[in-house]
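This is structure.cif (mmCIF, C-alpha atoms).
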data_start
#
loop_
_atom_site.label_atom_id
_atom_site.label_comp_id
_atom_site.auth_asym_id
_atom_site.auth_seq_id
_atom_site.Cartn_x
_atom_site.Cartn_y
_atom_site.Cartn_z
CA MET J 384 -21.14 47.15 4.25
CA ASP J 385 -20.47 49.52 7.17
CA PHE J 386 -17.66 52.08 7.37
CA ASN J 387 -15.29 49.99 9.51
CA LYS J 388 -15.56 46.97 7.22
CA ARG J 389 -14.94 49.15 4.17
CA LYS J 390 -11.92 50.74 5.85
CA ASP J 391 -10.53 47.30 6.75
CA LEU J 392 -11.03 46.15 3.15
CA VAL J 393 -9.17 49.20 1.79
CA PHE J 394 -6.29 48.53 4.18
CA ILE J 395 -6.08 44.88 3.10
CA ILE J 396 -5.97 45.89 -0.58
CA LEU J 397 -3.32 48.57 -0.01
CA ALA J 398 -1.31 46.22 2.21
CA GLY J 399 -1.50 43.46 -0.41
CA PHE J 400 -0.06 45.67 -3.13
CA PHE J 401 2.46 47.11 -0.66
CA VAL J 402 3.85 43.71 0.37
CA THR J 403 3.74 42.28 -3.16
CA ASN J 404 5.67 45.19 -4.65
CA ALA J 405 8.28 45.04 -1.89
CA ILE J 406 8.92 41.30 -2.22
CA VAL J 407 8.88 41.27 -6.03
CA ALA J 408 11.36 44.18 -6.00
CA GLU J 409 13.66 41.97 -3.92
CA LEU J 410 13.32 38.98 -6.22
CA ILE J 411 14.02 40.89 -9.45
CA GLY J 412 16.65 43.11 -7.84
CA GLY J 413 19.57 40.97 -9.01
CA LYS J 414 19.02 42.05 -12.61
CA LEU J 415 20.88 45.24 -13.50
CA VAL J 416 19.56 47.41 -16.30
CA GLN J 417 20.64 50.68 -17.88
CA PHE J 418 18.36 53.71 -17.96
CA PHE J 419 18.65 56.25 -20.77
CA ASP J 420 22.23 55.06 -21.45
CA LEU J 421 23.26 57.12 -18.41
CA PHE J 422 23.28 54.92 -15.32
CA THR J 423 22.91 51.34 -14.15
CA GLN J 424 20.35 50.28 -11.57
CA SER J 425 18.74 47.22 -10.11
CA LEU J 426 15.50 46.39 -11.90
CA GLY J 427 13.78 46.56 -8.53
CA ILE J 428 14.05 50.35 -8.59
CA ILE J 429 10.96 50.58 -10.78
CA LEU J 430 8.77 49.13 -8.02
CA TRP J 431 9.96 51.05 -4.96
CA PRO J 432 8.30 54.37 -5.93
CA VAL J 433 5.00 52.46 -5.96
CA VAL J 434 5.74 51.27 -2.43
CA PHE J 435 6.28 54.85 -1.30
CA LEU J 436 3.06 55.92 -3.06
CA LEU J 437 1.19 53.26 -1.10
CA THR J 438 2.99 54.42 2.06
CA ASP J 439 1.54 57.90 1.59
CA LEU J 440 -1.99 56.57 1.07
CA ILE J 441 -1.77 54.33 4.14
CA ASN J 442 -0.19 57.14 6.15
CA GLU J 443 -3.02 59.49 5.26
CA HIS J 444 -5.88 57.15 6.09
CA TYR J 445 -4.44 54.87 8.79
CA GLY J 446 -1.81 57.05 10.46
CA LYS J 447 1.70 56.40 11.71
CA GLN J 448 0.79 53.15 13.41
CA GLY J 449 -0.70 51.72 10.23
CA VAL J 450 2.49 52.37 8.26
CA ARG J 451 4.80 51.19 11.01
CA LYS J 452 2.93 47.94 11.59
CA LEU J 453 2.81 47.20 7.86
CA THR J 454 6.52 48.05 7.55
CA TYR J 455 7.44 45.58 10.29
CA ILE J 456 5.20 42.90 8.76
CA THR J 457 6.77 43.46 5.33
CA ILE J 458 10.29 43.22 6.74
CA GLY J 459 9.31 39.95 8.42
CA LEU J 460 7.99 38.61 5.12
CA ILE J 461 11.14 39.72 3.27
CA ILE J 462 13.24 37.85 5.84
CA TYR J 463 10.96 34.85 5.42
CA THR J 464 11.53 35.07 1.66
CA PHE J 465 15.29 35.23 2.29
CA VAL J 466 15.10 32.05 4.40
CA LEU J 467 13.07 30.20 1.75
CA ILE J 468 15.53 31.22 -0.97
CA SER J 469 18.44 30.03 1.15
CA ILE J 470 16.73 26.68 1.68
CA GLY J 471 15.99 26.44 -2.04
CA ILE J 472 19.65 27.10 -2.90
CA SER J 473 20.83 24.39 -0.50
CA ILE J 474 18.61 21.69 -2.08
CA LYS J 475 20.22 20.05 -5.10
CA SER J 476 18.29 19.81 -8.36
CA VAL J 477 17.84 16.63 -10.38
CA SER J 478 19.90 16.14 -13.55
CA PHE J 479 16.94 16.82 -15.85
CA SER J 480 15.76 19.98 -14.06
CA PRO J 481 15.20 22.85 -16.55
CA VAL J 482 16.84 25.13 -13.98
CA ASN J 483 20.09 23.73 -12.60
CA ASP J 484 21.72 24.58 -9.29
CA GLU J 485 24.18 27.06 -10.78
CA THR J 486 21.52 29.03 -12.61
CA PHE J 487 19.23 29.03 -9.58
CA ARG J 488 22.06 30.21 -7.34
CA THR J 489 23.10 32.90 -9.83
CA VAL J 490 19.59 34.35 -10.02
CA PHE J 491 18.45 34.07 -6.42
CA GLY J 492 21.80 34.08 -4.64
CA GLN J 493 22.60 37.53 -6.03
CA SER J 494 19.37 38.79 -4.55
CA GLN J 495 20.52 37.95 -1.03
CA TRP J 496 22.79 40.99 -0.71
CA ILE J 497 20.01 43.13 -2.16
CA ILE J 498 17.57 41.69 0.37
CA VAL J 499 19.91 42.53 3.25
CA GLY J 500 20.43 46.05 1.93
CA SER J 501 16.75 46.53 1.28
CA ILE J 502 15.74 45.46 4.79
CA VAL J 503 18.07 48.01 6.38
CA ALA J 504 17.23 50.76 3.88
CA PHE J 505 13.51 50.01 3.90
CA LEU J 506 13.24 50.19 7.68
CA CYS J 507 15.19 53.46 7.94
CA SER J 508 13.48 55.15 4.99
CA GLN J 509 9.95 54.14 6.03
CA LEU J 510 10.35 55.45 9.57
CA VAL J 511 11.79 58.71 8.23
CA ASP J 512 9.03 58.94 5.61
CA VAL J 513 6.33 58.68 8.27
CA TYR J 514 8.00 61.33 10.44
CA ILE J 515 8.50 63.84 7.60
CA PHE J 516 5.00 63.18 6.21
CA TRP J 517 3.32 64.19 9.47
CA ILE J 518 5.53 67.25 9.90
CA PHE J 519 4.30 68.57 6.55
CA ARG J 520 0.72 67.47 7.25
CA ASN J 521 0.61 69.31 10.57
CA LEU J 522 2.27 72.43 9.12
CA THR J 523 -0.23 72.64 6.26
CA GLY J 524 -3.29 71.72 8.32
CA GLY J 525 -4.06 68.71 6.16
CA ARG J 526 -3.89 70.69 2.92
CA LEU J 527 -1.41 70.31 0.01
CA ILE J 528 -1.36 66.54 -0.30
CA TRP J 529 1.34 66.75 -2.97
CA LEU J 530 3.68 68.62 -0.62
CA ARG J 531 3.65 66.11 2.22
CA ALA J 532 3.75 63.15 -0.17
CA THR J 533 6.62 64.51 -2.26
CA GLY J 534 8.45 66.12 0.67
CA SER J 535 8.57 62.88 2.66
CA THR J 536 9.64 60.96 -0.45
CA VAL J 537 12.51 63.37 -1.19
CA VAL J 538 14.11 62.59 2.17
CA SER J 539 13.19 58.91 2.52
CA GLN J 540 14.25 57.97 -1.01
CA LEU J 541 17.63 59.59 -0.46
CA ILE J 542 18.24 57.29 2.49
CA ASP J 543 16.75 54.26 0.74
CA THR J 544 18.74 54.65 -2.49
CA PHE J 545 22.18 55.20 -1.02
CA VAL J 546 21.89 52.67 1.81
CA VAL J 547 20.54 49.80 -0.29
CA GLN J 548 23.00 50.28 -3.13
CA TYR J 549 25.98 50.53 -0.80
CA ILE J 550 25.08 47.31 1.00
CA ALA J 551 23.92 45.48 -2.14
CA PHE J 552 26.77 46.38 -4.51
CA VAL J 553 29.71 47.98 -2.66
CA LEU J 554 30.04 45.59 0.28
CA PRO J 555 30.08 42.43 -1.89
CA GLY J 556 32.59 44.12 -4.22
CA LYS J 557 30.31 44.47 -7.25
CA TRP J 558 30.83 48.23 -7.63
CA ALA J 559 33.71 50.58 -6.90
CA PHE J 560 32.86 53.47 -4.59
CA ASP J 561 32.87 56.10 -7.34
CA THR J 562 30.59 53.90 -9.44
CA PHE J 563 28.28 53.59 -6.44
CA LEU J 564 28.12 57.36 -5.95
CA SER J 565 27.32 57.96 -9.61
CA ASN J 566 24.69 55.24 -9.91
CA ALA J 567 23.10 56.06 -6.54
CA ALA J 568 22.84 59.75 -7.45
CA TRP J 569 21.24 58.96 -10.80
CA GLY J 570 18.98 56.39 -9.16
CA TYR J 571 17.84 58.96 -6.61
CA LEU J 572 17.05 61.49 -9.35
CA PHE J 573 15.15 58.79 -11.23
CA LYS J 574 13.07 58.01 -8.14
CA LEU J 575 12.32 61.69 -7.64
CA LEU J 576 11.18 61.99 -11.25
CA VAL J 577 8.90 58.99 -10.82
CA ALA J 578 7.59 60.43 -7.53
CA VAL J 579 6.62 63.65 -9.30
CA CYS J 580 4.92 61.66 -12.06
CA LEU J 581 2.95 59.73 -9.44
CA ILE J 582 1.45 62.86 -7.84
CA PRO J 583 -1.77 62.63 -9.95
CA PHE J 584 -2.14 58.99 -8.85
CA ILE J 585 -1.82 60.05 -5.20
CA TYR J 586 -4.75 62.41 -5.67
CA LEU J 587 -6.65 59.73 -7.58
CA GLY J 588 -6.01 57.22 -4.80
CA HIS J 589 -7.21 59.65 -2.14
CA PHE J 590 -10.31 60.47 -4.19
CA LEU J 591 -11.26 56.81 -4.72
CA ILE J 592 -10.64 55.84 -1.09
CA ASN J 593 -12.57 58.81 0.29
CA ARG J 594 -15.45 58.21 -2.12
CA TYR J 595 -15.61 54.50 -1.23
CA LEU J 596 -15.53 55.18 2.51
CA SER J 597 -17.98 58.09 2.36
CA ALA J 598 -20.48 55.89 0.53
CA SER J 599 -20.89 53.75 3.63
CA LYS J 600 -21.45 56.84 5.79
CA GLN J 601 -24.22 58.02 3.49
CA VAL J 602 -25.90 54.60 3.61
CA ASN J 603 -25.78 54.53 7.42
CA GLN J 604 -27.22 58.05 7.80
#
Spit out the file's structure as structure tokens when you get a sec.
Amino acid sequence: MDFNKRKDLVFIILAGFFVTNAIVAELIGGKLVQFFDLFTQSLGIILWPVVFLLTDLINEHYGKQGVRKLTYITIGLIIYTFVLISIGISIKSVSFSPVNDETFRTVFGQSQWIIVGSIVAFLCSQLVDVYIFWIFRNLTGGRLIWLRATGSTVVSQLIDTFVVQYIAFVLPGKWAFDTFLSNAAWGYLFKLLVAVCLIPFIYLGHFLINRYLSASKQVNQ
């Protein structure tokens, strides 16, 4: 397999995990859980740091255009998911359905505000992430992978966390504003902690991708 085919394959794999994590985060986002008995968050928060990890890997190997194109595609697929859920809610279930209309609406209808918030937050945070990532990359001359990955995440996750939680929980009246500020702040700190923990995986991802791609170069030489 030549270099270009290998690079396309890597992009497809990264994009697959990227899109899957983003959509699943939307679908499970209606469930609120408590972390460390300190703050309440949407269950989807556990998947978004993975999305930003994948963003860094794609950014590094496929550039700004690769991330932007995948971001737009993902937003389109999230909207498509939103439309399918809306259609599913509007169709009445039969009397013997194991999941009745009320339960279905409770689970997936709650996710609609989260989907709206996530689309806005995701678009803003991804575009900012790409911009900050390349500022750090250019300043360091391509060195210090952890700095550009973590630095871009610090800024982008701040935007993502506060925007999505405001739209998802404050606008529909689920949380008071002071509750929002507390939970969003804790959620942001949680994401930063996860981002730091993921630094070794960023290096591992870069190592595996570079090794896989360099193998094709060696074969072709």
> How many Å separate CA of Asp543 (chain J) from CA of Phe505 (chain J)?
Replying inline: 6.2 Å
Give me, as a tab-separated table, each residue of region 518-559 of chain J that comes within 12 Å of region 579-595 of chain J, together with its shortest interatomic pair and the distance in Å at one decimal, counting only C-alpha atoms, with rows ordered by chain and rising residue number.
residue	atom	partner	partner_atom	distance
J:Arg526	CA	J:Tyr586	CA	12.0
J:Leu527	CA	J:Tyr586	CA	10.3
J:Ile528	CA	J:Tyr586	CA	7.6
J:Trp529	CA	J:Ile582	CA	6.2
J:Leu530	CA	J:Ile582	CA	9.5
J:Arg531	CA	J:Ile582	CA	10.8
J:Ala532	CA	J:Ile582	CA	8.0
J:Thr533	CA	J:Val579	CA	7.1
J:Gly534	CA	J:Val579	CA	10.4
J:Thr536	CA	J:Val579	CA	9.7
J:Val537	CA	J:Val579	CA	10.0
>> I'd like the contact shell of region 423-437 of chain J - 6 Å cut-off, only C-alpha atoms, skipping same-chain residues fewer than 2 positions apart - returned as JSON, numbers by chain.
In response: {"J": [401, 408, 411, 412, 414, 415, 416, 417, 439, 440]}
What are the closest atom pairs, with distances in Å to one decimal, for all residues of region 485-594 of chain J lying within 9 Å of region 445-453 of chain J? Consider only C-alpha atoms, order rows by chain and residue number, and present the result as a Markdown table.
| residue | atom | partner | partner_atom | distance |
| --- | --- | --- | --- | --- |
| J:Gln509 | CA | J:Arg451 | CA | 7.7 |
| J:Leu510 | CA | J:Arg451 | CA | 7.1 |
| J:Val513 | CA | J:Lys447 | CA | 6.2 |
| J:Tyr514 | CA | J:Lys447 | CA | 8.1 |
| J:Trp517 | CA | J:Lys447 | CA | 8.3 |
>> Please determine, counting only C-alpha atoms, which residue among J:Ile497, J:Ala405, J:Val482, J:Ile441 has the shortest atom-to-atom distance to Leu460 (chain J).
In response: J:Ala405
>> Could you tell me, as a list in words, exactly which residues end up selected when the PyMOL selection byres ((chain J and resi 464) around 12) is applied to this structure?
In response: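 Against this file, the PyMOL selection byres ((chain J and resi 464) around 12) returns the residues Val402, Thr403, Ala405, Ile406, Val407, Ala408, Glu409, Leu410, Thr457, Ile458, Gly459, Leu460, Ile461, Ile462, Tyr463, Phe465, Val466, Leu467, Ile468, Ser469, Ile470, Gly471, Phe491, Ser494, Gln495, Ile498, Val499 and Ile502 of chain J.
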> Using only C-alpha atoms, which residue out of J:Asn387, J:Ser476, J:Ser535, J:Asn566 lies closest to Val511 (chain J)?
Replying inline: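 So, comparing all the options, the nearest one is J:Ser535.
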> What residues have an atom no more than 12 Å from (30.6, 44.9, -6.9) in the file's own frame, counting all atoms listed in the file, and can you write them as an NGL selection string?
Replying inline: :J and (413 or 415 or 493 or 496-497 or 548-563)
Print the selection's residues with C-alpha atoms to a file, as a tab-separated table (two decimals), keeping the file's coordinate frame.
chain	number	residue	atom	x	y	z
J	413	GLY	CA	19.57	40.97	-9.01
J	415	LEU	CA	20.88	45.24	-13.50
J	493	GLN	CA	22.60	37.53	-6.03
J	496	TRP	CA	22.79	40.99	-0.71
J	497	ILE	CA	20.01	43.13	-2.16
J	548	GLN	CA	23.00	50.28	-3.13
J	549	TYR	CA	25.98	50.53	-0.80
J	550	ILE	CA	25.08	47.31	1.00
J	551	ALA	CA	23.92	45.48	-2.14
J	552	PHE	CA	26.77	46.38	-4.51
J	553	VAL	CA	29.71	47.98	-2.66
J	554	LEU	CA	30.04	45.59	0.28
J	555	PRO	CA	30.08	42.43	-1.89
J	556	GLY	CA	32.59	44.12	-4.22
J	557	LYS	CA	30.31	44.47	-7.25
J	558	TRP	CA	30.83	48.23	-7.63
J	559	ALA	CA	33.71	50.58	-6.90
J	560	PHE	CA	32.86	53.47	-4.59
J	561	ASP	CA	32.87	56.10	-7.34
J	562	THR	CA	30.59	53.90	-9.44
J	563	PHE	CA	28.28	53.59	-6.44
> Between CA of Gly524 (chain J) and CA of Ala578 (chain J), what is the distance, to one decimal in Å?
Replying inline: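 Interatomic distance here is 22.3 Å.
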Evaluate the PyMOL selection byres ((chain J and resi 504) around 7) and record the selected residues as a PDB file with C-alpha atoms, in the coordinates of the input, following the chain and residue labels used in the document.
ATOM      1  CA  GLY J 500      20.430  46.050   1.930  1.00  0.00           C
ATOM      2  CA  SER J 501      16.750  46.530   1.280  1.00  0.00           C
ATOM      3  CA  ILE J 502      15.740  45.460   4.790  1.00  0.00           C
ATOM      4  CA  VAL J 503      18.070  48.010   6.380  1.00  0.00           C
ATOM      5  CA  PHE J 505      13.510  50.010   3.900  1.00  0.00           C
ATOM      6  CA  LEU J 506      13.240  50.190   7.680  1.00  0.00           C
ATOM      7  CA  CYS J 507      15.190  53.460   7.940  1.00  0.00           C
ATOM      8  CA  SER J 508      13.480  55.150   4.990  1.00  0.00           C
ATOM      9  CA  ILE J 542      18.240  57.290   2.490  1.00  0.00           C
ATOM     10  CA  ASP J 543      16.750  54.260   0.740  1.00  0.00           C
ATOM     11  CA  VAL J 546      21.890  52.670   1.810  1.00  0.00           C
ATOM     12  CA  VAL J 547      20.540  49.800  -0.290  1.00  0.00           C
TER      13      VAL J 547
END
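Between CA of Phe573 (chain J) and CA of Asp420 (chain J) the interatomic distance comes to 13.0 Å.
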>> Which residues are near Arg389 (chain J)? Cut-off 12 Å, all atoms listed in the file, ignore same chain within fewer than 3 positions. Put them as a list in words.
In response: Met384, Asp385, Phe386, Leu392, Val393, Phe394, Ile395, Ile396, Ile592, Asn593, Arg594, Tyr595, Leu596, Ser597, Ala598, Ser599 and Lys600 of chain J
